[in-house]
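Novice: If it helps, the file is called coords01.txt and holds compact mmCIF, C-alpha atoms and all ligand atoms:
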# COMPACT_ATOMS: atom_id res chain seq x y z
CA MET A 19 14.65 0.18 -52.62
CA VAL A 20 15.92 -2.77 -54.59
CA LYS A 21 16.55 -0.60 -57.60
CA GLN A 22 18.49 1.89 -55.52
CA SER A 23 20.60 -0.86 -53.99
CA ILE A 24 21.52 -2.20 -57.38
CA ALA A 25 22.48 1.25 -58.60
CA LEU A 26 24.58 1.83 -55.52
CA THR A 27 26.25 -1.53 -55.82
CA ALA A 28 27.11 -0.88 -59.43
CA VAL A 29 28.98 2.30 -58.64
CA LEU A 30 30.54 1.13 -55.38
CA GLY A 31 33.77 0.16 -57.06
CA LEU A 32 34.14 3.64 -58.50
CA LEU A 33 32.87 5.47 -55.49
CA LEU A 34 34.88 3.65 -52.92
CA PHE A 35 38.09 2.50 -54.38
CA GLY A 36 38.07 3.04 -58.11
CA MET A 37 41.61 3.69 -59.23
CA PRO A 38 42.16 6.82 -57.19
CA LEU A 39 44.49 8.74 -59.50
CA GLN A 40 42.44 8.18 -62.60
CA GLY A 41 39.23 8.37 -60.64
CA LEU A 42 39.62 12.08 -60.08
CA SER A 43 39.22 13.01 -63.68
CA ALA A 44 36.90 10.14 -64.49
CA PRO A 45 33.17 10.72 -64.37
CA ALA A 46 31.58 9.74 -61.10
CA VAL A 47 29.27 7.36 -62.89
CA GLU A 48 30.45 5.48 -65.94
CA GLU A 49 28.47 3.51 -68.45
CA SER A 50 28.53 0.05 -66.99
CA ASP A 51 26.56 -3.11 -66.68
CA PRO A 52 23.99 -2.79 -65.18
CA PRO A 53 23.42 0.80 -66.35
CA VAL A 54 23.38 3.47 -63.70
CA GLU A 55 20.98 6.41 -63.65
CA LYS A 56 23.16 9.48 -64.06
CA THR A 57 20.50 11.78 -62.65
CA ASP A 58 20.71 9.99 -59.34
CA SER A 59 24.42 10.36 -58.67
CA PRO A 60 25.22 8.92 -55.27
CA LEU A 61 28.33 11.07 -54.83
CA PRO A 62 27.92 13.07 -51.62
CA ALA A 63 28.14 16.82 -52.25
CA PHE A 64 30.93 17.69 -49.81
CA ASP A 65 32.85 14.45 -49.33
CA GLY A 66 32.60 13.67 -53.05
CA GLU A 67 34.19 16.97 -54.06
CA LYS A 68 37.02 17.32 -51.55
CA THR A 69 40.26 15.49 -52.30
CA LEU A 70 43.32 14.67 -50.26
CA ARG A 71 46.66 12.93 -50.65
CA VAL A 72 46.96 9.74 -48.62
CA GLU A 73 50.07 7.61 -48.09
CA ILE A 74 48.89 4.01 -48.42
CA GLY A 75 51.46 1.25 -48.06
CA GLY A 76 54.21 3.79 -48.78
CA ALA A 77 52.69 5.14 -52.02
CA VAL A 78 50.86 8.47 -52.19
CA VAL A 79 47.47 8.44 -53.88
CA GLU A 80 44.95 11.20 -54.34
CA LEU A 81 41.52 10.20 -53.04
CA ARG A 82 38.12 11.76 -52.72
CA LEU A 83 37.32 12.36 -49.06
CA SER A 84 34.31 10.06 -49.49
CA ASP A 85 36.53 7.20 -50.69
CA TYR A 86 39.06 7.79 -47.94
CA LEU A 87 36.42 7.89 -45.20
CA THR A 88 34.93 4.61 -46.34
CA GLY A 89 38.30 2.88 -45.99
CA VAL A 90 38.91 4.54 -42.60
CA VAL A 91 35.52 3.76 -41.05
CA ALA A 92 35.70 0.18 -42.34
CA ALA A 93 39.18 -0.23 -40.83
CA GLU A 94 38.45 1.55 -37.56
CA MET A 95 35.04 0.20 -36.52
CA PRO A 96 33.26 -3.15 -36.98
CA ALA A 97 30.58 -2.76 -39.67
CA SER A 98 28.28 -4.77 -37.38
CA PHE A 99 28.07 -1.80 -35.01
CA GLU A 100 24.89 0.24 -34.63
CA MET A 101 24.18 2.69 -37.46
CA GLU A 102 24.36 5.72 -35.15
CA ALA A 103 27.78 4.57 -33.90
CA LEU A 104 28.99 4.22 -37.50
CA LYS A 105 27.74 7.74 -38.24
CA ALA A 106 29.51 9.10 -35.14
CA GLN A 107 32.69 7.32 -36.28
CA THR A 108 32.34 8.76 -39.78
CA VAL A 109 31.97 12.31 -38.50
CA ALA A 110 34.88 11.86 -36.07
CA ALA A 111 37.08 10.52 -38.90
CA ARG A 112 36.01 13.33 -41.26
CA THR A 113 36.71 15.93 -38.57
CA TYR A 114 40.07 14.39 -37.70
CA THR A 115 41.00 14.50 -41.39
CA LEU A 116 39.95 18.14 -41.80
CA TYR A 117 41.84 19.05 -38.63
CA GLN A 118 45.02 17.39 -39.90
CA MET A 119 44.75 19.11 -43.27
CA ALA A 120 44.15 22.50 -41.63
CA HIS A 121 47.16 22.05 -39.35
CA GLY A 122 49.72 21.23 -42.01
CA SER A 123 49.77 17.48 -41.47
CA ALA A 124 51.59 17.13 -44.79
CA GLY A 125 54.70 18.39 -42.95
CA LYS A 126 54.81 15.31 -40.73
CA HIS A 127 54.97 12.89 -43.67
CA GLU A 128 58.17 12.77 -45.67
CA SER A 129 56.07 12.01 -48.72
CA GLY A 130 54.10 15.24 -48.27
CA ALA A 131 50.85 13.27 -47.98
CA ASP A 132 48.02 14.84 -45.97
CA LEU A 133 47.41 11.63 -44.04
CA CYS A 134 48.79 8.10 -43.92
CA ASP A 135 47.31 4.68 -43.21
CA ASP A 136 49.32 4.06 -40.03
CA PRO A 137 46.85 4.14 -37.11
CA GLY A 138 49.73 5.09 -34.79
CA CYS A 139 50.25 8.26 -36.84
CA CYS A 140 46.92 9.11 -38.51
CA GLN A 141 43.99 6.74 -39.01
CA ALA A 142 43.80 3.12 -40.13
CA TYR A 143 42.68 2.66 -43.75
CA LEU A 144 41.89 -0.48 -45.70
CA GLY A 145 41.53 -0.72 -49.46
CA GLU A 146 38.90 -2.71 -51.27
CA GLU A 147 40.88 -5.93 -51.59
CA ALA A 148 41.62 -6.16 -47.86
CA LEU A 149 38.04 -5.28 -46.93
CA ARG A 150 36.53 -7.85 -49.26
CA GLN A 151 38.90 -10.47 -47.87
CA ASN A 152 37.96 -9.58 -44.28
CA TRP A 153 34.24 -9.41 -44.93
CA GLY A 154 33.70 -12.21 -47.43
CA GLU A 155 30.06 -12.54 -48.38
CA ALA A 156 29.03 -9.60 -46.20
CA ALA A 157 31.17 -7.17 -48.22
CA GLU A 158 28.40 -5.50 -50.27
CA GLU A 159 26.09 -5.18 -47.27
CA ASN A 160 28.83 -3.73 -45.07
CA LEU A 161 29.98 -1.27 -47.73
CA LEU A 162 26.44 -0.05 -48.28
CA LYS A 163 25.99 0.42 -44.54
CA ILE A 164 29.16 2.49 -44.25
CA LEU A 165 28.31 4.47 -47.38
CA ALA A 166 24.90 5.28 -45.88
CA ALA A 167 26.56 6.53 -42.67
CA GLU A 168 28.72 8.76 -44.82
CA ARG A 169 25.95 10.11 -47.01
CA GLU A 170 23.65 10.85 -44.09
CA THR A 171 26.37 12.92 -42.40
CA ASP A 172 27.93 14.39 -45.55
CA GLY A 173 30.05 17.45 -44.74
CA MET A 174 29.17 17.43 -41.03
CA ALA A 175 32.05 18.15 -38.68
CA ILE A 176 32.68 18.62 -34.98
CA LEU A 177 33.69 22.22 -34.36
CA TYR A 178 35.17 24.14 -31.45
CA GLY A 179 35.53 27.87 -31.89
CA GLY A 180 34.28 27.37 -35.45
CA GLU A 181 37.18 25.06 -36.39
CA PRO A 182 37.35 21.26 -36.80
CA ILE A 183 38.60 19.59 -33.63
CA LEU A 184 41.31 17.02 -33.08
CA ALA A 185 38.67 14.29 -32.97
CA ALA A 186 40.69 11.61 -31.19
CA PHE A 187 39.04 8.24 -30.68
CA HIS A 188 39.97 4.85 -29.24
CA SER A 189 38.57 1.35 -28.99
CA SER A 190 37.33 1.15 -25.38
CA SER A 191 37.77 3.12 -22.16
CA ALA A 192 38.36 2.03 -18.57
CA ASP A 193 35.88 3.55 -16.08
CA GLY A 194 35.62 6.62 -18.32
CA THR A 195 37.70 8.34 -20.95
CA GLU A 196 41.13 9.85 -20.37
CA ASP A 197 41.88 13.55 -20.21
CA ALA A 198 44.22 14.68 -23.01
CA ALA A 199 46.38 16.37 -20.38
CA ALA A 200 47.01 13.00 -18.71
CA ALA A 201 47.60 11.01 -21.89
CA TRP A 202 49.53 13.57 -23.90
CA SER A 203 50.72 16.17 -21.35
CA SER A 204 48.82 18.93 -23.13
CA SER A 205 45.36 20.02 -22.19
CA VAL A 206 42.70 20.23 -24.92
CA PRO A 207 39.43 21.87 -23.80
CA TYR A 208 37.11 19.47 -25.64
CA LEU A 209 39.13 16.32 -24.78
CA SER A 210 38.40 16.08 -21.08
CA ARG A 211 37.44 13.03 -19.03
CA VAL A 212 33.84 11.82 -19.36
CA GLU A 213 31.96 8.72 -18.26
CA SER A 214 31.75 5.87 -20.79
CA PRO A 215 29.20 3.05 -20.53
CA GLU A 216 31.07 0.02 -21.95
CA GLY A 217 32.57 -2.77 -19.90
CA GLU A 218 33.34 -6.46 -19.75
CA GLU A 219 29.84 -7.41 -20.94
CA SER A 220 29.98 -5.26 -24.10
CA VAL A 221 33.65 -5.40 -25.17
CA PRO A 222 35.54 -8.53 -26.26
CA ASN A 223 38.90 -8.85 -24.48
CA TYR A 224 38.05 -5.94 -22.23
CA ARG A 225 40.38 -7.31 -19.55
CA VAL A 226 43.67 -8.79 -20.78
CA SER A 227 46.66 -10.07 -18.81
CA VAL A 228 50.24 -10.06 -20.05
CA ARG A 229 53.04 -11.81 -18.22
CA PHE A 230 56.72 -10.86 -18.06
CA THR A 231 59.43 -12.85 -16.36
CA ALA A 232 61.63 -10.77 -14.09
CA GLU A 233 64.40 -10.97 -16.66
CA GLU A 234 62.13 -9.88 -19.52
CA PHE A 235 60.92 -6.96 -17.45
CA ARG A 236 64.47 -6.00 -16.49
CA ALA A 237 65.57 -6.01 -20.14
CA LEU A 238 62.65 -3.82 -21.27
CA PHE A 239 63.24 -1.40 -18.41
CA ALA A 240 66.99 -1.19 -19.14
CA ALA A 241 66.31 -0.48 -22.81
CA ALA A 242 63.81 2.30 -22.04
CA TYR A 243 65.51 3.77 -18.96
CA PRO A 244 69.25 3.03 -19.11
CA ALA A 245 69.94 5.10 -15.98
CA GLY A 246 67.27 3.30 -13.95
CA LYS A 247 68.05 0.69 -11.30
CA LEU A 248 66.05 -2.32 -10.22
CA THR A 249 67.19 -3.70 -6.87
CA GLY A 250 65.87 -6.34 -4.49
CA SER A 251 63.24 -8.90 -5.40
CA CYS A 252 60.96 -8.22 -8.36
CA GLY A 253 58.02 -7.98 -5.98
CA SER A 254 59.31 -4.56 -4.93
CA TRP A 255 60.12 -3.19 -8.37
CA VAL A 256 56.72 -1.65 -9.17
CA GLY A 257 54.77 0.42 -6.65
CA ASP A 258 53.31 3.77 -5.53
CA ILE A 259 50.61 3.61 -8.22
CA THR A 260 48.33 6.65 -8.48
CA ARG A 261 45.22 6.72 -10.69
CA ASP A 262 42.80 9.22 -12.16
CA ALA A 263 39.02 9.02 -11.88
CA SER A 264 38.77 6.71 -14.92
CA GLY A 265 41.22 4.21 -13.45
CA TYR A 266 44.16 5.03 -15.73
CA VAL A 267 47.52 5.01 -13.98
CA THR A 268 48.78 8.55 -13.54
CA THR A 269 52.20 7.81 -12.02
CA LEU A 270 54.05 4.84 -10.58
CA ARG A 271 57.47 3.93 -9.33
CA VAL A 272 59.56 1.40 -11.23
CA GLY A 273 62.83 0.71 -9.42
CA ASP A 274 64.28 4.14 -8.64
CA GLN A 275 62.37 5.90 -11.46
CA THR A 276 59.00 7.63 -11.37
CA LEU A 277 57.10 7.00 -14.62
CA ARG A 278 53.79 8.13 -15.99
CA GLY A 279 51.26 5.40 -16.66
CA VAL A 280 51.46 6.06 -20.40
CA GLU A 281 55.23 5.60 -20.28
CA LEU A 282 54.92 2.15 -18.71
CA ARG A 283 52.21 1.34 -21.25
CA ARG A 284 54.64 2.22 -24.06
CA MET A 285 57.54 0.32 -22.45
CA LEU A 286 55.53 -2.91 -22.16
CA SER A 287 53.26 -2.37 -25.22
CA LEU A 288 50.20 -2.71 -22.99
CA ARG A 289 46.72 -2.33 -24.44
CA SER A 290 45.96 0.60 -22.16
CA ALA A 291 47.36 2.65 -19.28
CA CYS A 292 44.65 1.28 -16.98
CA PHE A 293 46.47 -1.66 -15.44
CA GLU A 294 46.94 -3.67 -12.24
CA VAL A 295 50.16 -5.48 -11.50
CA ALA A 296 50.61 -8.75 -9.61
CA VAL A 297 53.92 -10.45 -8.89
CA ARG A 298 54.32 -14.15 -8.23
CA ASP A 299 57.18 -16.63 -8.68
CA ASP A 300 59.41 -14.11 -10.47
CA VAL A 301 56.66 -13.25 -12.96
CA LEU A 302 55.06 -9.80 -13.26
CA THR A 303 51.50 -9.93 -14.57
CA PHE A 304 49.91 -6.73 -15.90
CA THR A 305 46.14 -6.80 -16.36
CA THR A 306 44.70 -4.00 -18.47
CA ARG A 307 41.15 -2.81 -19.00
CA GLY A 308 40.05 -1.18 -22.26
CA TYR A 309 42.12 -0.66 -25.38
CA GLY A 310 43.78 2.48 -26.65
CA HIS A 311 44.86 5.87 -25.30
CA GLY A 312 41.39 6.50 -23.88
CA VAL A 313 41.13 10.06 -25.23
CA GLY A 314 38.01 11.35 -27.02
CA MET A 315 35.34 8.99 -28.34
CA SER A 316 35.28 5.39 -27.20
CA GLN A 317 34.12 3.26 -30.14
CA TYR A 318 32.60 0.52 -28.01
CA GLY A 319 31.10 3.18 -25.75
CA ALA A 320 29.56 4.83 -28.82
CA ASN A 321 28.04 1.48 -29.76
CA VAL A 322 26.49 1.03 -26.31
CA LEU A 323 25.08 4.57 -26.38
CA ALA A 324 23.66 3.96 -29.87
CA ALA A 325 22.01 0.72 -28.69
CA GLU A 326 20.45 2.73 -25.85
CA GLY A 327 18.87 5.01 -28.46
CA LYS A 328 21.28 7.95 -28.63
CA THR A 329 21.79 9.66 -31.99
CA TRP A 330 25.20 10.15 -33.58
CA GLU A 331 25.11 13.82 -32.60
CA GLU A 332 24.32 12.96 -28.98
CA ILE A 333 27.16 10.43 -28.98
CA LEU A 334 29.65 12.98 -30.30
CA ARG A 335 28.53 15.62 -27.81
CA TRP A 336 28.89 13.01 -25.07
CA TYR A 337 32.56 12.44 -25.82
CA TYR A 338 33.70 15.86 -27.07
CA SER A 339 32.95 18.54 -24.47
CA GLY A 340 31.52 21.91 -25.46
CA VAL A 341 31.57 21.33 -29.22
CA SER A 342 29.05 22.13 -31.95
CA ILE A 343 28.23 19.86 -34.87
CA GLU A 344 27.71 21.69 -38.13
CA GLN A 345 28.15 21.58 -41.88
CA TYR A 346 31.75 22.52 -42.58
CA THR A 347 32.22 23.71 -46.10
CA GLN A 348 35.82 24.93 -46.32
ZN ZN B 1 50.34 9.86 -40.68
Hey, can you dump this file as structure tokens for me?
Specialist:
Amino acid sequence: MVKQSIALTAVLGLLLFGMPLQGLSAPAVEESDPPVEKTDSPLPAFDGEKTLRVEIGGAVVELRLSDYLTGVVAAEMPASFEMEALKAQTVAARTYTLYQMAHGSAGKHESGADLCDDPGCCQAYLGEEALRQNWGEAAEENLLKILAAERETDGMAILYGGEPILAAFHSSSADGTEDAAAAWSSSVPYLSRVESPEGEESVPNYRVSVRFTAEEFRALFAAAYPAGKLTGSCGSWVGDITRDASGYVTTLRVGDQTLRGVELRRMLSLRSACFEVAVRDDVLTFTTRGYGHGVGMSQYGANVLAAEGKTWEEILRWYYSGVSIEQYTQ
């Protein structure tokens, strides 16, 4: 075990982040100190072979899928999470990547890259320097943990109708996940609402309040909805809130406009579309639960399920309805 760890550590730099452009033609294992056993190459068969073009900080680099996934999983989920949750995250990130590549994602980036490191567009990604800075002394241990999650799920993908799914994920849900139809106005059969077990006791900052003075709120509303009108006292500005079964706001009235919950979330940059509003002394306070769009896998929910003993496959089937999990070799 010790010997294997040393060998893995020695090649981590190459495997994970080693000079992407040169790395492609370079041997997977170079002569280095300490020497690495070439017969025991740790490169995963599928993820180690497949390459993609990723826009990182504005520059396009060609990466092995295995290298890319390491940077995505490390950026998207705390390495302290349960191993089965990290595996579920790895497979979701791999599937999301394959889906984007199969659906011409290069067309949405001016650079022609397959994916980018903007979490609002594709998936978050952190390079070695940033990870080591974040992790400090735990860097080697965390990298090995993530690499193990990758290797033990190498090439596995979430499929629907035999094709990789749009494996959306988010940080934490409200009373359950959000249906894609509610969040994005387009129904996706495997992204329907499901229960999710996390809550205040398992998620830091699960409930967060943000305050807006009446004037701040008026300015944000005017910028987003120039034709809208706010009349009377600010206590009457927001009302008629309807919710779905997970607690996310479906529709509400703001002044003379009817908005969707996700539209108000965008207007105020709220953490989620599950919110309550309270008005007092010309201040509007919005209290959200959960973080993110709520669609697909909840990362904190996955961690709770893993702690309860569920496997990564059970976690993925929990959040993505009617899917199969298989080796995907295209
Ligand atoms: Zn992108």
Novice: Give the residue list for ligand ZN 1 (chain B) at 7 Å, counting only C-alpha atoms and all ligand atoms, as a list in words, sorted by chain and then by residue number.
Specialist: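 For ligand ZN 1 (chain B), the residues inside 7 Å are His127, Leu133, Cys134, Asp135, Asp136, Cys139 and Cys140 of chain A.
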Novice: Looking at all atoms listed in the file, which of A:Ala201, A:Leu248, A:Ile183, A:Leu209 is the one that sits closest to Ala120 (chain A)?
Specialist: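 Checking each of A:Ala201, A:Leu248, A:Ile183, A:Leu209 against Ala120 (chain A), counting all atoms listed in the file, the winner is A:Ile183.
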Novice: In Å, how far is it from CA of Gly122 (chain A) to CA of Glu181 (chain A)?
Specialist: 14.3 Å
Novice: Need to verify the contact set: region 81-95 of chain A, 8 Å, all atoms listed in the file, exclusion of same-chain residues closer than 5 positions in sequence. Can you return it as a PyMOL selection string?
Specialist: chain A and resi 33-35+38-39+42+62+65-72+104+107-108+111-112+141-146+149+161+164-165+168+317
Novice: Could you work out how far CA of Gly154 (chain A) lies from CA of Ala324 (chain A), giving the answer in Å with one decimal?
Specialist: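 We find that CA of Ala324 (chain A) and CA of Gly154 (chain A) lie 25.9 Å from each other.
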Novice: Let me make sure I understand: among A:Ala175, A:Ile74, A:Ala103, A:Ala97, which one has the smallest atom-to-atom distance to Ala157 (chain A) if we use only C-alpha atoms?
Specialist: A:Ala97
Novice: My list of candidates is A:Ser191, A:Thr171, A:Thr231, A:Gln275. Which is closest to Phe304 (chain A) when distances are computed with all atoms listed in the file?
Specialist: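 Closest candidate: A:Thr231.
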Novice: With all atoms listed in the file as the counted atoms, please give the residues lying no more than 6 Å from region 113-115 of chain A, apart from itself and same-chain residues fewer than 5 positions off, as an NGL selection string.
Specialist: :A and (175 or 182 or 184-185)
Novice: So, counting only C-alpha atoms, which residue among A:Val297, A:Ala200, A:Leu116, A:Ala325 is closest to Ser220 (chain A)?
Specialist: A:Ala325
Novice: So which residues fall inside 12 Å of (34.9, 26.1, -32.0) if we count only C-alpha atoms? Mind giving them as a ChimeraX atom specification?
Specialist: /A:117,175-184,207-208,338-344,346
Novice: Work out how far CA of Gly76 (chain A) is from CA of His121 (chain A), in Å to one decimal.
Specialist: 21.7 Å
Novice: Just checking: using only C-alpha atoms, which residue out of A:Val221, A:Cys292, A:Ala63, A:Ala192 ends up closest to Leu270 (chain A)?
Specialist: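 Once distances to Leu270 (chain A) are computed over only C-alpha atoms, the minimum belongs to A:Cys292.
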Novice: Pick the closest to Val228 (chain A) from A:Asp300, A:Asp132, A:Glu294, A:Glu331: which is it, counting all atoms listed in the file?
Specialist: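 Nearest candidate to Val228 (chain A) out of A:Asp300, A:Asp132, A:Glu294, A:Glu331: A:Glu294.
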Novice: Could you name the residues that touch Phe187 (chain A) at 7 Å or less, counting all atoms listed in the file, but leaving out those on the same chain fewer than 4 positions away, as a ChimeraX atom specification?
Specialist: /A:313-316
